[in-house]
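Colleague: See coords_23.txt below, with compact mmCIF, C-alpha atoms.
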# COMPACT_ATOMS: atom_id res chain seq x y z
CA MET A 82 79.80 41.37 71.71
CA THR A 83 82.44 43.43 69.91
CA ARG A 84 82.25 47.20 69.62
CA PRO A 85 84.95 48.17 67.08
CA VAL A 86 83.19 51.33 65.91
CA ALA A 87 82.68 52.53 69.48
CA ALA A 88 86.39 51.93 70.03
CA ALA A 89 87.24 54.00 66.94
CA LEU A 90 84.98 56.80 68.18
CA ALA A 91 86.65 56.71 71.61
CA GLN A 92 90.05 56.90 69.92
CA LEU A 93 88.94 59.97 67.97
CA ARG A 94 87.69 61.67 71.13
CA ALA A 95 90.98 60.94 72.89
CA ASP A 96 93.04 62.46 70.06
CA PRO A 97 94.04 66.07 70.88
CA ASN A 98 94.31 66.83 67.17
CA ALA A 99 90.62 65.97 66.72
CA SER A 100 89.34 68.14 69.57
CA GLY A 101 87.98 70.78 67.19
CA TRP A 102 85.81 68.19 65.45
CA CYS A 103 84.73 66.51 68.66
CA ARG A 104 83.22 69.76 69.93
CA LEU A 105 80.60 69.63 67.16
CA PRO A 106 77.04 68.87 68.32
CA PHE A 107 77.13 65.63 66.33
CA PHE A 108 79.64 64.31 68.85
CA THR A 109 78.39 66.06 72.01
CA GLU A 110 74.64 65.47 71.64
CA GLY A 111 74.65 61.71 71.11
CA GLU A 112 74.32 61.30 67.35
CA ALA A 113 77.83 59.90 66.98
CA ASP A 114 77.12 57.35 69.69
CA ARG A 115 73.82 56.37 68.06
CA ILE A 116 75.43 55.74 64.69
CA SER A 117 78.33 53.94 66.34
CA ALA A 118 75.94 51.60 68.14
CA GLU A 119 74.05 50.89 64.92
CA LEU A 120 77.25 50.10 63.06
CA ASP A 121 78.45 47.82 65.84
CA ARG A 122 75.10 46.04 65.73
CA LEU A 123 75.59 45.45 62.00
CA CYS A 124 79.09 44.13 62.65
CA ASP A 125 77.68 41.70 65.21
CA GLU A 126 75.28 40.47 62.54
CA GLY A 127 78.18 39.72 60.22
CA VAL A 128 78.11 42.84 58.06
CA SER A 129 81.55 44.01 56.86
CA LEU A 130 82.07 47.75 56.79
CA ALA A 131 84.02 49.88 54.35
CA PRO A 132 86.32 51.32 55.45
CA PRO A 133 87.23 49.04 58.37
CA PRO A 134 86.03 50.45 61.73
CA GLY A 135 89.45 51.73 62.74
CA LEU A 136 89.61 53.95 59.64
CA ILE A 137 86.09 55.42 59.67
CA PHE A 138 87.24 58.74 61.17
CA ARG A 139 90.59 58.86 59.36
CA ALA A 140 89.82 62.12 57.55
CA LEU A 141 89.21 63.91 60.86
CA GLU A 142 92.29 62.37 62.46
CA LEU A 143 94.63 63.40 59.64
CA THR A 144 93.22 66.89 59.10
CA PRO A 145 92.44 68.84 62.30
CA LEU A 146 89.93 71.68 62.08
CA ASP A 147 92.58 74.31 62.73
CA SER A 148 94.69 73.07 59.79
CA VAL A 149 92.04 72.93 57.04
CA ARG A 150 93.03 74.79 53.88
CA ALA A 151 90.88 72.98 51.34
CA VAL A 152 87.84 70.71 51.39
CA ILE A 153 86.98 68.01 48.87
CA LEU A 154 83.65 66.26 49.37
CA GLY A 155 83.04 62.76 48.08
CA GLN A 156 79.92 60.58 48.28
CA ASP A 157 80.62 57.33 50.12
CA PRO A 158 83.52 54.87 50.48
CA TYR A 159 84.53 52.37 47.81
CA PRO A 160 82.45 49.25 48.55
CA LYS A 161 85.08 46.62 47.71
CA ALA A 162 87.05 45.15 50.60
CA GLY A 163 90.47 46.76 50.98
CA ASP A 164 89.84 49.72 48.65
CA ALA A 165 88.69 52.46 51.06
CA HIS A 166 90.63 53.86 54.01
CA GLY A 167 88.54 56.77 55.24
CA LEU A 168 89.51 59.55 52.81
CA ALA A 169 87.20 60.71 50.01
CA PHE A 170 88.32 59.52 46.56
CA SER A 171 91.51 58.02 48.05
CA TYR A 172 92.20 54.44 46.99
CA VAL A 173 94.52 51.82 48.44
CA GLY A 174 93.17 48.72 46.70
CA PRO A 175 95.27 46.23 44.75
CA LYS A 176 94.06 47.15 41.25
CA SER A 177 94.42 50.27 39.12
CA VAL A 178 92.80 53.39 40.49
CA PRO A 179 89.01 53.78 40.05
CA ALA A 180 87.61 55.64 37.07
CA SER A 181 86.70 58.87 38.89
CA LEU A 182 90.14 59.11 40.45
CA ARG A 183 91.71 58.61 37.02
CA VAL A 184 89.71 61.60 35.79
CA ILE A 185 90.85 63.64 38.80
CA PHE A 186 94.46 62.72 38.12
CA GLN A 187 94.14 63.66 34.45
CA GLU A 188 92.81 67.07 35.45
CA LEU A 189 95.65 67.40 37.97
CA CYS A 190 98.21 66.76 35.24
CA ASP A 191 96.51 69.08 32.76
CA ASP A 192 96.08 71.81 35.36
CA LEU A 193 99.49 71.78 37.02
CA GLY A 194 101.68 69.92 34.54
CA CYS A 195 102.81 67.48 37.23
CA PRO A 196 103.50 63.78 36.60
CA ARG A 197 100.57 61.40 36.80
CA PRO A 198 100.48 59.80 40.28
CA SER A 199 101.50 56.15 40.36
CA HIS A 200 99.06 55.28 43.16
CA GLY A 201 95.67 56.39 44.49
CA ASP A 202 96.55 57.11 48.13
CA LEU A 203 95.71 60.77 48.87
CA THR A 204 97.03 60.75 52.43
CA GLU A 205 99.62 63.42 51.63
CA TRP A 206 96.85 65.81 50.62
CA ALA A 207 95.11 65.19 53.95
CA ARG A 208 98.32 65.81 55.89
CA GLN A 209 98.61 69.23 54.21
CA GLY A 210 95.18 70.39 55.33
CA VAL A 211 92.99 69.04 52.53
CA LEU A 212 89.91 67.62 54.24
CA LEU A 213 88.85 64.59 52.18
CA LEU A 214 85.37 64.02 53.51
CA ASN A 215 82.70 61.65 52.25
CA ALA A 216 78.99 62.47 52.59
CA ALA A 217 78.65 59.10 54.31
CA LEU A 218 81.66 57.91 56.29
CA THR A 219 80.71 54.23 55.89
CA THR A 220 79.07 51.74 53.59
CA GLU A 221 78.88 47.95 53.48
CA ILE A 222 81.16 45.69 51.49
CA GLY A 223 79.42 45.03 48.21
CA ARG A 224 76.73 47.71 48.73
CA SER A 225 77.49 51.17 47.40
CA GLY A 226 75.47 53.89 49.13
CA ALA A 227 74.21 51.58 51.87
CA HIS A 228 74.64 54.18 54.64
CA MET A 229 73.71 57.40 52.87
CA ARG A 230 70.66 57.73 55.16
CA LEU A 231 72.26 56.51 58.35
CA GLY A 232 72.73 60.02 59.74
CA TRP A 233 76.20 60.96 58.55
CA SER A 234 74.80 63.93 56.62
CA ARG A 235 74.36 65.89 59.85
CA LEU A 236 78.06 65.51 60.61
CA VAL A 237 79.07 66.63 57.13
CA ASP A 238 76.83 69.70 57.32
CA GLU A 239 78.27 70.60 60.72
CA ILE A 240 81.83 70.13 59.49
CA VAL A 241 81.36 72.33 56.43
CA ALA A 242 79.69 75.02 58.54
CA ALA A 243 82.42 74.82 61.20
CA VAL A 244 85.20 75.15 58.62
CA SER A 245 83.41 78.08 57.02
CA ALA A 246 82.94 79.84 60.37
CA GLY A 247 86.26 78.99 61.99
CA ARG A 248 88.89 79.14 59.27
CA PRO A 249 90.15 82.34 57.64
CA ALA A 250 90.45 81.19 54.02
CA VAL A 251 89.57 77.78 52.61
CA ALA A 252 89.11 76.50 49.06
CA PHE A 253 85.99 74.33 48.84
CA LEU A 254 86.18 71.99 45.84
CA LEU A 255 82.60 70.84 45.29
CA TRP A 256 82.30 68.23 42.57
CA GLY A 257 78.88 66.88 41.62
CA ALA A 258 75.35 67.54 42.84
CA ASN A 259 75.82 65.97 46.27
CA ALA A 260 78.79 68.18 47.11
CA ARG A 261 77.40 71.30 45.46
CA ALA A 262 74.27 71.10 47.60
CA ARG A 263 76.42 72.20 50.55
CA ALA A 264 77.70 75.37 48.89
CA ALA A 265 75.05 77.34 50.77
CA LEU A 266 76.83 76.49 54.04
CA VAL A 267 79.98 78.33 52.95
CA ASP A 268 80.62 82.03 53.58
CA ARG A 269 81.79 83.19 50.16
CA THR A 270 83.03 86.51 51.55
CA LYS A 271 85.85 84.57 53.23
CA HIS A 272 86.28 81.43 51.18
CA LEU A 273 86.62 80.23 47.59
CA VAL A 274 83.97 77.84 46.26
CA ILE A 275 84.88 75.94 43.10
CA GLU A 276 81.87 74.07 41.74
CA SER A 277 81.84 71.65 38.83
CA GLY A 278 80.34 68.39 37.71
CA HIS A 279 81.40 65.10 39.21
CA PRO A 280 84.70 63.63 37.92
CA SER A 281 82.95 60.37 37.03
CA PRO A 282 83.49 59.40 33.38
CA LEU A 283 79.72 58.75 33.33
CA ASN A 284 79.11 62.49 33.72
CA ARG A 285 77.70 63.30 30.29
CA ALA A 286 78.09 67.04 30.74
CA ARG A 287 81.85 66.55 31.13
CA ASP A 288 82.02 69.77 33.15
CA PHE A 289 84.84 68.63 35.41
CA PRO A 290 87.69 68.47 32.85
CA GLY A 291 89.11 71.93 32.31
CA SER A 292 87.76 73.30 35.60
CA ARG A 293 91.36 73.73 36.91
CA PRO A 294 90.44 73.33 40.60
CA PHE A 295 93.98 72.73 41.83
CA SER A 296 95.65 75.83 40.41
CA ARG A 297 92.63 77.98 41.29
CA ALA A 298 92.69 76.73 44.87
CA ASN A 299 96.42 77.43 45.20
CA ALA A 300 96.11 80.90 43.68
CA PHE A 301 93.42 81.74 46.22
CA LEU A 302 95.36 80.33 49.17
CA GLU A 303 98.50 82.22 48.17
CA SER A 304 96.51 85.43 47.79
CA ARG A 305 95.36 84.99 51.40
CA GLY A 306 98.82 84.21 52.72
CA MET A 307 98.00 80.57 53.40
CA GLY A 308 100.61 78.91 51.21
CA PRO A 309 99.81 76.51 48.37
CA VAL A 310 99.02 72.80 48.59
CA ASP A 311 101.55 70.48 46.99
CA TRP A 312 99.09 68.43 44.95
CA SER A 313 101.75 66.16 43.44
CA LEU A 314 101.85 62.63 44.85
Mind turning the file's structure into C-alpha cells?

Modeller:
Amino acid sequence: MTRPVAAALAQLRADPNASGWCRLPFFTEGEADRISAELDRLCDEGVSLAPPPGLIFRALELTPLDSVRAVILGQDPYPKAGDAHGLAFSYVGPKSVPASLRVIFQELCDDLGCPRPSHGDLTEWARQGVLLLNAALTTEIGRSGAHMRLGWSRLVDEIVAAVSAGRPAVAFLLWGANARARAALVDRTKHLVIESGHPSPLNRARDFPGSRPFSRANAFLESRGMGPVDWSL
C-alpha cells in the first residue's frame, strides 16, 4: 500500500522553512494526518490527484510564514492532469493559460504597464512572499471541486488568521465570494484587504477589471517599509 500523500506531509514537516505553518493546530492536532490518510486511500483505489501528491503543499514550502507579504486565495486546483502544481491560479499545463489567469494577466498589464507574461507559472510570485493558496489543496483529475468539503477549509482559515496575527503588514487580495468570505479573519488595522469579484470571464459583474490590485498592494507594502513585489514574470 503506497502512502504518497503521507510522504509529502512528512517532507513538509521536515522542512525548516515550513516550521511556522507546521505549528498550526491543523498539523499538530491530527487533521492533516486524517486528510492525508483519506487521500492515500483514494490513491490506492486508483484515484488520480491534482496536483500530484508531492506538490500538494507547494505553496507552504515556497512561501514560509515569516516571509509572507501578500496573499492570493484561489478555489481549488485545475482538474486536468499536468495543469496544477500546488499554487493558486498558477498553471504549468501544455496549452494556453486558463481563462481566469488570462483575465488576471490583462489586469496586471493594465495596472502596471508590464509585458504580458508568456507562461502561467507563478512560482516567482511565491518565492517573493506571495502566498498562493487554494481553498482546497487537492481535487481529483476530471472532477473540479471534488475535495472542497474534505477538511482543507480549516487549514486555510488557520493560515489566514496566522498571517494576520503574525505578520506586520500584508496585502490580502481576495477575489470572488469564496476568498472574500475570509476577510473577517484579517486585522484591517495592520493589513490591506483588496476585495473584488472573481477574475473569471463568467463573472457578469466584471468587478475585477480595473481593481488595480497589484499597484495598490505595492503602494501599501512600500508605505510600510516592506518593499514591493515584482509582479512581472

Colleague: May I ask which of the residues A:Leu146, A:Asp192, A:Ser181, A:Met307 is the closest one to Gly278 in chain A, counting only C-alpha atoms?

Modeller: A:Ser181

Colleague: Taking only C-alpha atoms into account, which of A:Ile275, A:Cys103, A:Ala300, A:Ile137 comes nearest Leu218 in chain A?

Modeller: A:Ile137

Colleague: With a distance cut-off of 9 Å and all atoms listed in the file, select the neighbouring residues of Asp268 in chain A, excluding the residue or stretch itself and same-chain residues fewer than 6 positions from it, and output the selection as a list in words.

Modeller: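 Close residues of Asp268 in chain A: Ala242, Ser245 and Ala246 of chain A.
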
Colleague: When you look at Ser234 in chain A with a cut-off of 12 Å (counting only C-alpha atoms), what residues show up, excluding the ones that are within fewer than 6 positions of it in the same chain? I need them as a ChimeraX atom specification.

Modeller: /A:107,112-113,116,154-157,214-219,228,240-241,259-260,262-263

Colleague: Between CA of Asp202 in chain A and CA of Glu221 in chain A, measure the distance and give it in Å to one decimal.

Modeller: 20.6 Å

Colleague: With a distance cut-off of 10 Å and only C-alpha atoms, select the neighbouring residues of Asp114 in chain A, excluding the residue or stretch itself and same-chain residues fewer than 5 positions from it, and output the selection as a count of residues only.

Modeller: 9

Colleague: Determine, counting only C-alpha atoms, which protein, DNA and RNA residues have an atom within 10 Å of an atom of Gly194 in chain A; residues of the same chain fewer than 6 positions away are not included. Present the result as a list in words.

Modeller: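 So, after excluding close chain neighbours, the residues are Gln187, Glu188 and Ser313 of chain A.
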
Colleague: Counting only C-alpha atoms, figure out which residue out of A:Glu303, A:Val244, A:Ala180, A:Pro132 gets nearest to Tyr159 in chain A.

Modeller: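 Closest candidate: A:Pro132.
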
Colleague: Provide the CA of Thr144 in chain A to CA of Leu213 in chain A distance in Å, to one decimal place.

Modeller: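 Rounded to one decimal, the two atoms are 8.5 Å apart.
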